[in-house]
$ cat protein.cif   # mmCIF, C-alpha atoms
data_my_file
#
loop_
_atom_site.label_atom_id
_atom_site.label_comp_id
_atom_site.auth_asym_id
_atom_site.auth_seq_id
_atom_site.Cartn_x
_atom_site.Cartn_y
_atom_site.Cartn_z
CA MET A 1 -64.23 26.46 86.53
CA PHE A 2 -64.63 29.60 84.46
CA GLU A 3 -65.67 33.16 85.19
CA LEU A 4 -68.05 35.49 83.37
CA ALA A 5 -67.82 39.25 83.75
CA ILE A 6 -71.18 41.03 84.04
CA LYS A 7 -71.83 44.76 83.87
CA THR A 8 -75.11 45.93 85.37
CA GLU A 9 -76.64 49.29 84.48
CA ALA A 10 -79.18 50.02 87.22
CA ARG A 11 -79.77 49.48 90.93
CA VAL A 12 -82.15 46.63 90.16
CA GLN A 13 -81.93 44.71 86.91
CA SER A 14 -82.47 41.28 85.41
CA LEU A 15 -80.04 40.04 82.76
CA ASP A 16 -80.58 36.95 80.64
CA ILE A 17 -77.20 35.18 80.71
CA THR A 18 -78.31 31.97 78.97
CA PRO A 19 -76.46 32.62 75.67
CA ARG A 20 -73.18 33.32 77.45
CA ILE A 21 -73.39 30.11 79.50
CA GLU A 22 -74.32 28.14 76.36
CA GLN A 23 -71.32 29.51 74.50
CA LYS A 24 -68.91 28.58 77.29
CA ILE A 25 -70.27 25.05 77.50
CA GLN A 26 -69.63 24.63 73.81
CA GLU A 27 -66.13 26.12 74.10
CA ILE A 28 -65.05 23.77 76.87
CA GLY A 29 -66.75 20.77 75.26
CA LEU A 30 -68.93 19.59 78.16
CA LYS A 31 -71.39 17.07 76.71
CA GLU A 32 -73.24 15.47 79.63
CA GLY A 33 -73.59 16.61 83.23
CA ALA A 34 -74.68 19.82 84.85
CA VAL A 35 -73.34 23.32 85.42
CA LEU A 36 -73.31 25.14 88.71
CA ILE A 37 -73.81 28.85 88.00
CA PHE A 38 -72.73 30.62 91.17
CA SER A 39 -72.83 34.32 92.07
CA PRO A 40 -70.04 35.30 94.50
CA HIS A 41 -71.98 38.40 95.59
CA SER A 42 -74.24 38.99 98.58
CA THR A 43 -76.48 41.56 96.86
CA ALA A 44 -77.18 39.77 93.56
CA ALA A 45 -78.82 36.43 92.81
CA VAL A 46 -79.32 33.87 90.05
CA THR A 47 -82.67 32.40 89.06
CA ILE A 48 -84.41 30.62 86.20
CA ASN A 49 -87.61 31.99 84.71
CA GLU A 50 -89.31 32.91 81.46
CA ASN A 51 -87.14 34.98 79.17
CA ALA A 52 -89.61 35.43 76.30
CA ASP A 53 -91.78 38.29 77.61
CA PRO A 54 -89.48 40.77 79.43
CA ASN A 55 -92.47 41.78 81.57
CA VAL A 56 -92.04 38.59 83.58
CA GLN A 57 -88.66 39.82 84.79
CA LYS A 58 -90.09 43.31 85.43
CA ASP A 59 -92.95 41.83 87.50
CA LEU A 60 -90.50 39.69 89.45
CA LEU A 61 -88.26 42.64 90.37
CA GLU A 62 -91.28 44.78 91.32
CA ALA A 63 -92.77 42.01 93.46
CA LEU A 64 -89.46 41.65 95.32
CA GLU A 65 -89.45 45.41 95.91
CA ARG A 66 -92.99 45.19 97.37
CA LEU A 67 -91.98 42.28 99.62
CA VAL A 68 -88.70 43.85 100.75
CA PRO A 69 -88.88 47.62 100.30
CA ARG A 70 -85.67 49.61 100.24
CA THR A 71 -86.88 52.29 102.63
CA PRO A 72 -87.90 50.76 105.98
CA SER A 73 -85.29 51.07 108.63
CA TYR A 74 -82.87 48.18 108.74
CA SER A 75 -79.98 47.59 111.14
CA HIS A 76 -77.39 47.18 108.36
CA ALA A 77 -76.41 50.79 107.72
CA GLU A 78 -75.15 50.67 104.15
CA GLY A 79 -78.51 51.31 102.48
CA ASN A 80 -78.57 47.91 100.79
CA ALA A 81 -80.13 45.67 103.45
CA ASP A 82 -83.04 45.01 101.07
CA ALA A 83 -80.58 43.75 98.44
CA HIS A 84 -79.07 41.25 100.90
CA ILE A 85 -82.53 39.96 101.86
CA LYS A 86 -83.68 39.61 98.24
CA THR A 87 -80.49 37.67 97.51
CA SER A 88 -81.32 35.02 100.11
CA LEU A 89 -84.96 34.84 98.99
CA ILE A 90 -83.88 34.02 95.43
CA GLY A 91 -80.57 32.26 96.10
CA PRO A 92 -77.00 32.67 94.88
CA SER A 93 -76.89 29.88 92.32
CA VAL A 94 -78.64 27.43 90.03
CA LEU A 95 -77.64 23.95 88.90
CA VAL A 96 -78.74 23.22 85.33
CA PRO A 97 -78.56 19.89 83.51
CA VAL A 98 -76.40 19.68 80.38
CA GLU A 99 -77.31 17.20 77.65
CA ALA A 100 -75.75 16.68 74.23
CA GLY A 101 -73.52 19.70 74.78
CA ARG A 102 -76.33 22.14 75.58
CA LEU A 103 -78.05 23.56 78.64
CA LYS A 104 -81.13 21.43 79.18
CA LEU A 105 -83.80 24.05 79.93
CA GLY A 106 -87.53 24.11 79.37
CA PRO A 107 -88.77 25.92 76.24
CA TRP A 108 -89.61 29.11 78.18
CA GLN A 109 -86.73 29.07 80.66
CA GLY A 110 -83.66 31.26 80.73
CA VAL A 111 -80.92 31.74 83.34
CA LEU A 112 -81.27 35.21 84.84
CA PHE A 113 -78.74 37.25 86.81
CA LEU A 114 -80.63 39.52 89.23
CA GLU A 115 -78.84 42.69 90.31
CA PHE A 116 -80.22 44.20 93.52
CA ASP A 117 -77.58 46.84 94.35
CA GLY A 118 -76.10 48.09 91.09
CA PRO A 119 -74.92 49.43 88.84
CA ARG A 120 -71.73 47.43 89.34
CA ALA A 121 -69.12 45.23 87.75
CA ARG A 122 -70.14 41.70 88.74
CA LYS A 123 -68.98 38.19 87.97
CA LEU A 124 -70.31 34.67 87.84
CA TRP A 125 -68.46 31.43 88.45
CA VAL A 126 -69.47 28.43 86.37
CA ARG A 127 -68.43 24.97 87.51
CA PRO A 128 -69.15 22.02 85.19
CA MET A 129 -70.12 18.90 87.15
CA LEU A 130 -69.95 15.20 86.27
CA PRO A 131 -73.08 13.09 85.86
CA TRP A 132 -73.32 9.64 87.33
CA GLU A 133 -73.05 7.87 83.97
CA MET B 134 -81.14 11.62 82.81
CA PHE B 135 -84.75 10.49 83.10
CA GLU B 136 -88.11 12.22 82.92
CA LEU B 137 -91.19 11.93 85.12
CA ALA B 138 -94.64 12.90 83.86
CA ILE B 139 -96.78 14.79 86.35
CA LYS B 140 -100.47 15.59 86.09
CA THR B 141 -101.74 18.45 88.24
CA GLU B 142 -105.39 18.89 89.10
CA ALA B 143 -105.78 22.49 90.27
CA ARG B 144 -104.35 25.95 89.65
CA VAL B 145 -102.26 25.68 92.79
CA GLN B 146 -101.25 22.30 94.18
CA SER B 147 -98.46 20.53 96.05
CA LEU B 148 -97.60 16.96 95.05
CA ASP B 149 -95.31 14.68 97.05
CA ILE B 150 -93.05 13.10 94.41
CA THR B 151 -90.65 11.37 96.79
CA PRO B 152 -91.83 7.79 96.11
CA ARG B 153 -91.51 8.24 92.36
CA ILE B 154 -87.95 9.56 92.62
CA GLU B 155 -87.05 6.74 95.04
CA GLN B 156 -88.38 4.15 92.63
CA LYS B 157 -86.38 5.55 89.71
CA ILE B 158 -83.17 5.61 91.74
CA GLN B 159 -83.66 1.94 92.52
CA GLU B 160 -84.44 1.12 88.90
CA ILE B 161 -81.29 2.76 87.56
CA GLY B 162 -79.14 1.42 90.39
CA LEU B 163 -77.60 4.65 91.66
CA LYS B 164 -75.98 3.86 95.01
CA GLU B 165 -73.97 6.93 96.08
CA GLY B 166 -74.15 10.51 94.86
CA ALA B 167 -76.95 12.99 94.50
CA VAL B 168 -79.91 13.61 92.22
CA LEU B 169 -80.78 16.91 90.61
CA ILE B 170 -84.58 17.15 90.38
CA PHE B 171 -85.24 19.91 87.87
CA SER B 172 -88.55 21.44 86.74
CA PRO B 173 -88.39 22.73 83.14
CA HIS B 174 -91.35 25.03 83.74
CA SER B 175 -91.48 28.73 84.62
CA THR B 176 -94.74 28.53 86.60
CA ALA B 177 -94.03 25.51 88.82
CA ALA B 178 -91.31 24.86 91.38
CA VAL B 179 -89.68 22.10 93.42
CA THR B 180 -89.07 22.26 97.16
CA ILE B 181 -88.42 20.04 100.15
CA ASN B 182 -90.62 20.21 103.23
CA GLU B 183 -92.63 18.13 105.67
CA ASN B 184 -94.87 15.57 103.97
CA ALA B 185 -96.45 14.06 107.10
CA ASP B 186 -99.16 16.63 107.90
CA PRO B 187 -100.66 17.82 104.58
CA ASN B 188 -101.55 21.10 106.28
CA VAL B 189 -97.91 22.15 106.02
CA GLN B 190 -98.22 22.16 102.22
CA LYS B 191 -101.60 23.92 102.44
CA ASP B 192 -100.11 26.65 104.66
CA LEU B 193 -97.15 27.05 102.31
CA LEU B 194 -99.36 27.53 99.25
CA GLU B 195 -101.62 29.98 101.11
CA ALA B 196 -98.67 31.98 102.41
CA LEU B 197 -97.30 32.27 98.87
CA GLU B 198 -100.72 33.50 97.73
CA ARG B 199 -100.69 36.17 100.46
CA LEU B 200 -97.16 37.26 99.51
CA VAL B 201 -97.81 37.26 95.75
CA PRO B 202 -101.57 37.64 95.15
CA ARG B 203 -102.96 36.70 91.77
CA THR B 204 -105.06 39.82 91.38
CA PRO B 205 -102.84 42.94 91.55
CA SER B 206 -102.05 44.36 88.19
CA TYR B 207 -98.88 42.98 86.66
CA SER B 208 -97.23 43.88 83.36
CA HIS B 209 -97.18 40.28 82.09
CA ALA B 210 -100.62 40.01 80.51
CA GLU B 211 -101.25 36.27 80.62
CA GLY B 212 -102.84 36.21 84.08
CA ASN B 213 -100.07 34.08 85.57
CA ALA B 214 -97.47 36.67 86.61
CA ASP B 215 -97.95 35.56 90.22
CA ALA B 216 -97.06 31.99 89.22
CA HIS B 217 -93.79 33.14 87.63
CA ILE B 218 -92.86 35.12 90.74
CA LYS B 219 -93.65 32.25 93.13
CA THR B 220 -91.51 29.98 90.96
CA SER B 221 -88.43 32.16 91.47
CA LEU B 222 -89.13 32.55 95.20
CA ILE B 223 -89.13 28.77 95.66
CA GLY B 224 -86.74 27.75 92.87
CA PRO B 225 -86.89 25.31 89.96
CA SER B 226 -84.89 22.45 91.43
CA VAL B 227 -83.45 20.62 94.41
CA LEU B 228 -80.28 18.56 94.75
CA VAL B 229 -80.71 15.65 97.16
CA PRO B 230 -78.00 13.32 98.46
CA VAL B 231 -78.28 9.62 97.64
CA GLU B 232 -76.79 7.05 100.02
CA ALA B 233 -76.95 3.27 99.90
CA GLY B 234 -79.33 3.45 96.94
CA ARG B 235 -81.90 5.70 98.61
CA LEU B 236 -82.69 9.42 98.76
CA LYS B 237 -81.02 10.72 101.90
CA LEU B 238 -83.73 12.93 103.39
CA GLY B 239 -84.53 13.90 106.95
CA PRO B 240 -87.28 11.91 108.70
CA TRP B 241 -89.93 14.58 108.00
CA GLN B 242 -88.79 15.67 104.57
CA GLY B 243 -90.35 14.94 101.20
CA VAL B 244 -89.69 16.29 97.72
CA LEU B 245 -92.65 18.42 96.65
CA PHE B 246 -93.67 19.58 93.18
CA LEU B 247 -95.48 22.92 93.49
CA GLU B 248 -97.92 23.77 90.72
CA PHE B 249 -98.73 27.48 90.48
CA ASP B 250 -100.60 27.68 87.15
CA GLY B 251 -102.44 24.42 86.62
CA PRO B 252 -104.10 22.15 86.01
CA ARG B 253 -101.55 20.98 83.44
CA ALA B 254 -99.47 18.12 82.18
CA ARG B 255 -96.00 18.75 83.63
CA LYS B 256 -92.69 16.94 83.71
CA LEU B 257 -89.59 16.71 85.83
CA TRP B 258 -86.04 15.93 84.75
CA VAL B 259 -83.91 13.90 87.12
CA ARG B 260 -80.16 13.88 86.65
CA PRO B 261 -78.07 11.53 88.83
CA MET B 262 -74.73 13.08 89.80
CA LEU B 263 -71.43 11.55 90.88
CA PRO B 264 -70.03 12.02 94.37
CA TRP B 265 -66.38 12.79 94.94
CA GLU B 266 -65.55 9.37 96.34
CA MET C 267 -70.74 12.20 103.09
CA PHE C 268 -70.15 13.66 106.54
CA GLU C 269 -72.39 15.13 109.20
CA LEU C 270 -72.04 18.27 111.30
CA ALA C 271 -73.83 18.66 114.63
CA ILE C 272 -75.32 22.11 115.25
CA LYS C 273 -76.73 23.46 118.48
CA THR C 274 -79.08 26.43 118.16
CA GLU C 275 -79.84 28.72 121.08
CA ALA C 276 -83.02 30.60 120.12
CA ARG C 277 -86.25 30.11 118.19
CA VAL C 278 -84.82 32.07 115.27
CA GLN C 279 -81.08 32.29 114.72
CA SER C 280 -78.47 32.56 111.98
CA LEU C 281 -75.20 30.66 112.44
CA ASP C 282 -72.14 31.13 110.24
CA ILE C 283 -70.98 27.58 109.52
CA THR C 284 -68.30 28.47 106.94
CA PRO C 285 -65.28 27.64 109.15
CA ARG C 286 -66.65 24.22 110.03
CA ILE C 287 -67.28 23.32 106.39
CA GLU C 288 -63.80 24.60 105.45
CA GLN C 289 -62.19 22.47 108.13
CA LYS C 290 -63.97 19.31 106.97
CA ILE C 291 -62.98 19.90 103.34
CA GLN C 292 -59.36 20.12 104.41
CA GLU C 293 -59.67 17.01 106.59
CA ILE C 294 -61.07 14.86 103.80
CA GLY C 295 -58.71 16.32 101.19
CA LEU C 296 -61.21 17.46 98.56
CA LYS C 297 -59.29 19.70 96.14
CA GLU C 298 -61.61 20.43 93.20
CA GLY C 299 -65.37 20.08 92.88
CA ALA C 300 -68.27 21.31 94.93
CA VAL C 301 -69.95 20.54 98.24
CA LEU C 302 -73.64 20.04 98.74
CA ILE C 303 -74.54 21.38 102.21
CA PHE C 304 -77.94 19.88 103.00
CA SER C 305 -80.22 20.45 106.00
CA PRO C 306 -82.36 17.38 106.78
CA HIS C 307 -84.87 19.52 108.68
CA SER C 308 -88.18 21.03 107.57
CA THR C 309 -87.98 24.06 109.90
CA ALA C 310 -84.41 25.22 109.24
CA ALA C 311 -82.68 26.35 106.05
CA VAL C 312 -79.25 27.04 104.57
CA THR C 313 -78.32 30.19 102.68
CA ILE C 314 -75.30 32.22 101.61
CA ASN C 315 -75.00 35.88 102.52
CA GLU C 316 -72.68 38.47 104.01
CA ASN C 317 -71.07 37.36 107.25
CA ALA C 318 -69.06 40.51 107.98
CA ASP C 319 -71.72 42.77 109.53
CA PRO C 320 -73.97 40.60 111.73
CA ASN C 321 -76.79 43.09 111.13
CA VAL C 322 -77.28 41.61 107.66
CA GLN C 323 -78.33 38.32 109.25
CA LYS C 324 -80.50 40.17 111.79
CA ASP C 325 -82.25 42.09 109.00
CA LEU C 326 -82.79 38.88 107.03
CA LEU C 327 -84.42 37.08 109.97
CA GLU C 328 -86.60 40.10 110.77
CA ALA C 329 -87.69 40.48 107.15
CA LEU C 330 -88.69 36.81 107.06
CA GLU C 331 -90.70 37.36 110.25
CA ARG C 332 -92.51 40.31 108.62
CA LEU C 333 -93.23 38.26 105.49
CA VAL C 334 -94.35 35.14 107.37
CA PRO C 335 -95.45 36.14 110.89
CA ARG C 336 -95.68 33.48 113.53
CA THR C 337 -99.08 34.55 114.80
CA PRO C 338 -101.66 34.37 112.00
CA SER C 339 -103.74 31.27 112.11
CA TYR C 340 -102.35 28.42 110.06
CA SER C 341 -103.83 24.97 109.48
CA HIS C 342 -100.74 23.12 110.76
CA ALA C 343 -101.45 23.02 114.49
CA GLU C 344 -97.95 22.69 115.95
CA GLY C 345 -97.23 26.42 116.20
CA ASN C 346 -94.38 26.26 113.71
CA ALA C 347 -96.14 26.67 110.36
CA ASP C 348 -94.20 29.90 109.81
CA ALA C 349 -90.94 27.98 110.23
CA HIS C 350 -91.93 25.48 107.53
CA ILE C 351 -92.84 28.28 105.13
CA LYS C 352 -89.61 30.21 105.74
CA THR C 353 -87.67 27.00 105.10
CA SER C 354 -89.13 26.65 101.60
CA LEU C 355 -88.61 30.36 100.86
CA ILE C 356 -84.90 30.07 101.63
CA GLY C 357 -84.29 26.42 100.68
CA PRO C 358 -82.78 23.41 102.42
CA SER C 359 -79.34 23.42 100.82
CA VAL C 360 -76.59 25.20 98.95
CA LEU C 361 -74.04 23.88 96.46
CA VAL C 362 -70.70 25.68 96.76
CA PRO C 363 -67.71 25.34 94.42
CA VAL C 364 -64.44 24.03 95.89
CA GLU C 365 -61.14 25.12 94.35
CA ALA C 366 -57.59 24.38 95.49
CA GLY C 367 -58.92 22.67 98.60
CA ARG C 368 -61.04 25.60 99.79
CA LEU C 369 -64.66 26.73 99.55
CA LYS C 370 -64.80 29.14 96.62
CA LEU C 371 -66.93 31.97 98.02
CA GLY C 372 -67.04 35.67 97.28
CA PRO C 373 -65.12 37.96 99.66
CA TRP C 374 -68.26 38.87 101.63
CA GLN C 375 -70.03 35.52 101.50
CA GLY C 376 -70.47 32.98 104.27
CA VAL C 377 -72.58 29.82 104.53
CA LEU C 378 -75.37 30.42 107.05
CA PHE C 379 -77.55 27.92 108.88
CA LEU C 380 -80.94 29.52 109.59
CA GLU C 381 -82.87 28.14 112.53
CA PHE C 382 -86.60 28.94 112.44
CA ASP C 383 -87.95 26.71 115.22
CA GLY C 384 -85.28 26.36 117.87
CA PRO C 385 -83.56 26.04 120.15
CA ARG C 386 -82.72 22.51 119.03
CA ALA C 387 -80.01 20.02 118.28
CA ARG C 388 -79.68 20.08 114.49
CA LYS C 389 -77.41 18.51 111.91
CA LEU C 390 -76.12 19.17 108.42
CA TRP C 391 -75.09 16.65 105.80
CA VAL C 392 -72.20 17.57 103.55
CA ARG C 393 -71.71 15.66 100.31
CA PRO C 394 -68.55 16.36 98.25
CA MET C 395 -69.25 16.22 94.51
CA LEU C 396 -66.98 15.61 91.53
CA PRO C 397 -66.28 18.30 88.95
CA TRP C 398 -66.27 17.52 85.28
CA GLU C 399 -62.51 17.85 84.88
#

$ encode --input "protein.cif" --output "structure tokens"
Amino acid sequence: MFELAIKTEARVQSLDITPRIEQKIQEIGLKEGAVLIFSPHSTAAVTINENADPNVQKDLLEALERLVPRTPSYSHAEGNADAHIKTSLIGPSVLVPVEAGRLKLGPWQGVLFLEFDGPRARKLWVRPMLPWE
Amino acid sequence: MFELAIKTEARVQSLDITPRIEQKIQEIGLKEGAVLIFSPHSTAAVTINENADPNVQKDLLEALERLVPRTPSYSHAEGNADAHIKTSLIGPSVLVPVEAGRLKLGPWQGVLFLEFDGPRARKLWVRPMLPWE
Amino acid sequence: MFELAIKTEARVQSLDITPRIEQKIQEIGLKEGAVLIFSPHSTAAVTINENADPNVQKDLLEALERLVPRTPSYSHAEGNADAHIKTSLIGPSVLVPVEAGRLKLGPWQGVLFLEFDGPRARKLWVRPMLPWE
């Protein structure tokens, strides 16, 4: 299992981490299987979506803000209840197939780290997994 | 890893793909483990839900439309920003246990492919994974 | 694969199941890999979020109720359409890394079982998975 350090620059931000995962897979030499990309945080999530037009990520973050606004009164008193809720709506991890030593993604897909309570120093854990055969 | 071709017939549609996954598992002979069912698209998702009453899938698609309407103005200018957002809310994949050569699902569960920007020719990647013992 | 019995006490409830998963991992002796924690139900979900302040779980359940109210008219006539929709928004399972014989979670993370149509007798299936090396 390896760890990636991530530095976010705003309260809410989407970062395309695909190249960094790709590089690690090549470094460790995983050829066939899958990688679990897991965020150990409760106010940041991981998803897969288009990484060609950056407006897709902007629309996604804005839609989450409309669905779970920061301002309504929540019971959790740290001012980041919305970030916790967004994290469970998106999820803390993705599992991506690996084939021939590369992440097997669709042509428009990238792996995105979604910060909901930054800016912060974050990390990701990446666990290569064995295929059946 | 194998691929399933999927043909959707409407902009928004839910397709029960459980029998097709089951058949493939039997063909390849996987007995114990899990299967990663992964959509390589950024405007379609995979989920697990009841497949007995088709109204459950209808309600799910309509609720997603209420949460993320197609019409509000988005930055992504291709008219399918809502489809991208729904995809991240649901997620691109599921991991399902396999036991005794069959998908291990609850009695009311089915694996559903959710189209959000069809009709289109789609595909799914299915990666069998090894259990611990 | 092992099974955990869960008893919920309300229509909507969040239960921290981390200690029970931890105990099972130690009993079976899994040292390195990951565990798939899978809910075989279509009206209950599994997520990962903060388990320190219980208000985080309260806020999450209340936000889901705002997003998918119980009362609007749905096509599914059993009175639990909202529970099905919430289940797909959160997802039926999580995959958590295991390292040195323990769940590898962030310092604030716990594994939460979310009941959306209780009280009921529920169960979880836990499938240990092999890492690559």

$ interface_residues --input "protein.cif" --of "chain B" --to "chain C" --cutoff "9 Å" --atoms "only C-alpha atoms" --output "JSON, numbers by chain"
{"B": [166, 167, 180, 181, 182, 183, 186, 187, 188, 189, 190, 191, 192, 193, 194, 196, 197, 200, 222, 223, 224, 227, 228, 229, 230, 232, 237, 238, 239, 240, 241, 242, 262, 263, 264, 265, 266]}

$ residues_around --input "protein.cif" --residues "Ser14 (chain A)" --least-positions-apart "4" --cutoff "7 Å" --atoms "all atoms listed in the file" --output "mmCIF file with C-alpha atoms, in the frame of the given file"
data_model
loop_
_atom_site.group_PDB
_atom_site.id
_atom_site.type_symbol
_atom_site.label_atom_id
_atom_site.label_comp_id
_atom_site.auth_asym_id
_atom_site.auth_seq_id
_atom_site.Cartn_x
_atom_site.Cartn_y
_atom_site.Cartn_z
ATOM 1 C CA GLN A 57 -88.660 39.820 84.790
ATOM 2 C CA LEU A 112 -81.270 35.210 84.840
ATOM 3 C CA PHE A 113 -78.740 37.250 86.810
ATOM 4 C CA LEU A 114 -80.630 39.520 89.230
ATOM 5 C CA GLU A 115 -78.840 42.690 90.310
#

$ resolve_selection --input "protein.cif" --expression "the PyMOL selection byres ((chain B and resi 151) around 10)" --output "list in words"
Leu148, Asp149, Ile150, Pro152, Arg153, Ile154, Glu155, Gln156, Ile181, Asn184, Leu236, Leu238, Gln242, Gly243, Val244, Leu245 and Phe246 of chain B

$ calpha_fit_and_write --input "protein.cif" --fixed "chain B" --moving "chain A" --output "short mmCIF file (atom, residue, chain, number, x, y, z; two decimals) with C-alpha atoms, in the frame of the given file"
data_model
loop_
_atom_site.label_atom_id
_atom_site.label_comp_id
_atom_site.auth_asym_id
_atom_site.auth_seq_id
_atom_site.Cartn_x
_atom_site.Cartn_y
_atom_site.Cartn_z
CA MET A 1 -81.16 11.62 82.81
CA PHE A 2 -84.76 10.49 83.11
CA GLU A 3 -88.12 12.22 82.92
CA LEU A 4 -91.19 11.95 85.12
CA ALA A 5 -94.63 12.90 83.85
CA ILE A 6 -96.78 14.81 86.35
CA LYS A 7 -100.48 15.60 86.08
CA THR A 8 -101.72 18.46 88.24
CA GLU A 9 -105.39 18.88 89.10
CA ALA A 10 -105.76 22.48 90.27
CA ARG A 11 -104.36 25.96 89.66
CA VAL A 12 -102.23 25.67 92.79
CA GLN A 13 -101.24 22.31 94.19
CA SER A 14 -98.46 20.53 96.04
CA LEU A 15 -97.59 16.96 95.06
CA ASP A 16 -95.30 14.69 97.05
CA ILE A 17 -93.06 13.10 94.40
CA THR A 18 -90.65 11.37 96.80
CA PRO A 19 -91.85 7.79 96.10
CA ARG A 20 -91.52 8.24 92.35
CA ILE A 21 -87.95 9.57 92.63
CA GLU A 22 -87.06 6.74 95.04
CA GLN A 23 -88.38 4.14 92.62
CA LYS A 24 -86.37 5.53 89.71
CA ILE A 25 -83.18 5.60 91.74
CA GLN A 26 -83.65 1.95 92.54
CA GLU A 27 -84.43 1.11 88.90
CA ILE A 28 -81.29 2.75 87.55
CA GLY A 29 -79.14 1.41 90.39
CA LEU A 30 -77.59 4.66 91.66
CA LYS A 31 -75.97 3.86 95.01
CA GLU A 32 -73.97 6.92 96.07
CA GLY A 33 -74.16 10.51 94.87
CA ALA A 34 -76.96 12.99 94.50
CA VAL A 35 -79.92 13.62 92.22
CA LEU A 36 -80.77 16.91 90.61
CA ILE A 37 -84.57 17.16 90.39
CA PHE A 38 -85.24 19.91 87.88
CA SER A 39 -88.54 21.45 86.74
CA PRO A 40 -88.38 22.72 83.14
CA HIS A 41 -91.35 25.04 83.75
CA SER A 42 -91.48 28.73 84.62
CA THR A 43 -94.73 28.54 86.60
CA ALA A 44 -94.02 25.51 88.82
CA ALA A 45 -91.30 24.86 91.39
CA VAL A 46 -89.68 22.10 93.43
CA THR A 47 -89.08 22.25 97.16
CA ILE A 48 -88.42 20.03 100.17
CA ASN A 49 -90.63 20.21 103.24
CA GLU A 50 -92.63 18.12 105.67
CA ASN A 51 -94.86 15.58 103.98
CA ALA A 52 -96.45 14.06 107.10
CA ASP A 53 -99.16 16.62 107.90
CA PRO A 54 -100.67 17.81 104.58
CA ASN A 55 -101.54 21.10 106.30
CA VAL A 56 -97.91 22.15 106.00
CA GLN A 57 -98.22 22.14 102.22
CA LYS A 58 -101.60 23.92 102.43
CA ASP A 59 -100.10 26.64 104.67
CA LEU A 60 -97.15 27.04 102.31
CA LEU A 61 -99.36 27.53 99.24
CA GLU A 62 -101.62 29.97 101.11
CA ALA A 63 -98.66 31.97 102.41
CA LEU A 64 -97.30 32.28 98.86
CA GLU A 65 -100.71 33.50 97.72
CA ARG A 66 -100.68 36.17 100.47
CA LEU A 67 -97.16 37.26 99.51
CA VAL A 68 -97.83 37.27 95.76
CA PRO A 69 -101.56 37.64 95.14
CA ARG A 70 -102.96 36.69 91.76
CA THR A 71 -105.07 39.81 91.37
CA PRO A 72 -102.88 42.95 91.52
CA SER A 73 -102.06 44.36 88.16
CA TYR A 74 -98.90 42.98 86.65
CA SER A 75 -97.24 43.89 83.35
CA HIS A 76 -97.17 40.29 82.07
CA ALA A 77 -100.62 40.00 80.51
CA GLU A 78 -101.25 36.26 80.63
CA GLY A 79 -102.84 36.20 84.09
CA ASN A 80 -100.06 34.07 85.57
CA ALA A 81 -97.48 36.67 86.62
CA ASP A 82 -97.94 35.55 90.23
CA ALA A 83 -97.05 31.98 89.23
CA HIS A 84 -93.78 33.14 87.63
CA ILE A 85 -92.85 35.12 90.75
CA LYS A 86 -93.66 32.25 93.13
CA THR A 87 -91.50 29.98 90.97
CA SER A 88 -88.42 32.16 91.48
CA LEU A 89 -89.13 32.55 95.21
CA ILE A 90 -89.12 28.77 95.66
CA GLY A 91 -86.74 27.74 92.87
CA PRO A 92 -86.89 25.31 89.96
CA SER A 93 -84.90 22.45 91.43
CA VAL A 94 -83.45 20.62 94.41
CA LEU A 95 -80.28 18.57 94.76
CA VAL A 96 -80.71 15.65 97.17
CA PRO A 97 -78.00 13.32 98.46
CA VAL A 98 -78.28 9.62 97.63
CA GLU A 99 -76.79 7.06 100.01
CA ALA A 100 -76.96 3.27 99.91
CA GLY A 101 -79.33 3.44 96.95
CA ARG A 102 -81.88 5.72 98.61
CA LEU A 103 -82.70 9.42 98.76
CA LYS A 104 -81.02 10.72 101.89
CA LEU A 105 -83.74 12.93 103.40
CA GLY A 106 -84.54 13.91 106.96
CA PRO A 107 -87.28 11.91 108.71
CA TRP A 108 -89.94 14.58 108.01
CA GLN A 109 -88.78 15.67 104.56
CA GLY A 110 -90.36 14.93 101.21
CA VAL A 111 -89.69 16.29 97.72
CA LEU A 112 -92.64 18.42 96.66
CA PHE A 113 -93.66 19.58 93.18
CA LEU A 114 -95.48 22.92 93.49
CA GLU A 115 -97.92 23.78 90.72
CA PHE A 116 -98.73 27.49 90.48
CA ASP A 117 -100.60 27.69 87.15
CA GLY A 118 -102.41 24.40 86.63
CA PRO A 119 -104.10 22.16 86.00
CA ARG A 120 -101.55 20.98 83.44
CA ALA A 121 -99.47 18.12 82.17
CA ARG A 122 -96.01 18.76 83.63
CA LYS A 123 -92.69 16.96 83.71
CA LEU A 124 -89.59 16.71 85.83
CA TRP A 125 -86.05 15.93 84.75
CA VAL A 126 -83.91 13.90 87.12
CA ARG A 127 -80.15 13.88 86.65
CA PRO A 128 -78.08 11.53 88.83
CA MET A 129 -74.75 13.10 89.80
CA LEU A 130 -71.43 11.55 90.87
CA PRO A 131 -70.03 12.02 94.37
CA TRP A 132 -66.40 12.80 94.93
CA GLU A 133 -65.57 9.34 96.29
#

$ atom_distance --input "protein.cif" --atom1 "CA of Val46 (chain A)" --atom2 "CA of Leu257 (chain B)"
20.4 Å

$ atom_distance --input "protein.cif" --atom1 "CA of Gln292 (chain C)" --atom2 "CA of Gly367 (chain C)"
6.4 Å

$ atom_distance --input "protein.cif" --atom1 "CA of Lys157 (chain B)" --atom2 "CA of Ala138 (chain B)"
12.5 Å

$ resolve_selection --input "protein.cif" --expression "the PyMOL selection byres ((chain B and resi 145) around 7)" --output "mmCIF file with C-alpha atoms, in the frame of the given file"
data_model
loop_
_atom_site.group_PDB
_atom_site.id
_atom_site.type_symbol
_atom_site.label_atom_id
_atom_site.label_comp_id
_atom_site.auth_asym_id
_atom_site.auth_seq_id
_atom_site.Cartn_x
_atom_site.Cartn_y
_atom_site.Cartn_z
ATOM 1 C CA ALA B 143 -105.780 22.490 90.270
ATOM 2 C CA ARG B 144 -104.350 25.950 89.650
ATOM 3 C CA GLN B 146 -101.250 22.300 94.180
ATOM 4 C CA GLU B 248 -97.920 23.770 90.720
ATOM 5 C CA PHE B 249 -98.730 27.480 90.480
ATOM 6 C CA ASP B 250 -100.600 27.680 87.150
ATOM 7 C CA GLY B 251 -102.440 24.420 86.620
#
